[in-house]
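*Asks:* Next up is a structure, given as structure tokens.
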Amino acid sequence: MLGFDWHSSGVTTTATGALKQGVKGMEHDLGLWVAGGKGATSRKTPGEITAACERLGHDPAPLVRASKLSAKVDNSAVQSARCARSTARRSW
């Protein structure tokens with residue numbers, strides 16, 4: 001599990017990409033599969049989760065749903081923070 005502070009935008013996806021490359025080819029031995037990444041790679045996450053779950057004989061639906069929900073929450077939080085900063089800078 002990785003945890004980042006609220007102001008570390010972009011670090012999560014960069015770290016995910018680095019982890020994915022680091023474990024590539026050793027997933028089964030490590031018992032660790034990494035999905036996602038930066039930019040267009042992030043849109044492949046549901047398919048990556050599904051592929052890993054199918055190899056392991058698990059239902060991918062709960063993980064795909066959790067991934068999509070967390071992406072929505074993350075995106076909403078980023079937008080909310082940007083709005084809050086923009087509003088705080090204005091002098092009313």
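By convention in this document, the chains of the structure tokens carry letters A, B, ... by their order, each chain's residues are numbered from 1, and ligands are numbered from 1 in the order they are shown.
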Excluding Pro46 in chain A and residues on its chain fewer than 6 positions from it, collect all residues at most 8 Å away from it, counting only C-alpha atoms, and give them as a ChimeraX atom specification.

*Replies:* /A:64,67-68

*Asks:* Tell me which protein, DNA and RNA residues are within 12 Å of Cys53 in chain A, counting only C-alpha atoms, leaving out same-chain ones fewer than 6 positions away, and put them as a list in words.

*Replies:*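 Once the adjacent positions are removed, what remains is His28, Gly31, Leu32, Trp33, Val34, Ala35, Pro46, Gly47, Asp59, Pro60, Ala61, Pro62, Leu63 and Val64 of chain A.
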
*Asks:* Would you work out the distance separating CA of Ser70 in chain A from CA of Asp29 in chain A, expressed in Å to one decimal?

*Replies:* 27.5 Å

*Asks:* Would you kindly return, as a ChimeraX atom specification, each protein, DNA or RNA residue with an atom no farther than 8 Å from any atom of range 15-18 of chain A, considering only C-alpha atoms and excluding same-chain residues fewer than 4 positions away?

*Replies:* /A:11,22,34-38

*Asks:* Could you check which of A:Leu30, A:Ala71, A:Lys24, A:Gly10 is closest to Thr45 in chain A, using only C-alpha atoms?

*Replies:*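 Ranking A:Leu30, A:Ala71, A:Lys24, A:Gly10 by distance to Thr45 in chain A, first place goes to A:Ala71.
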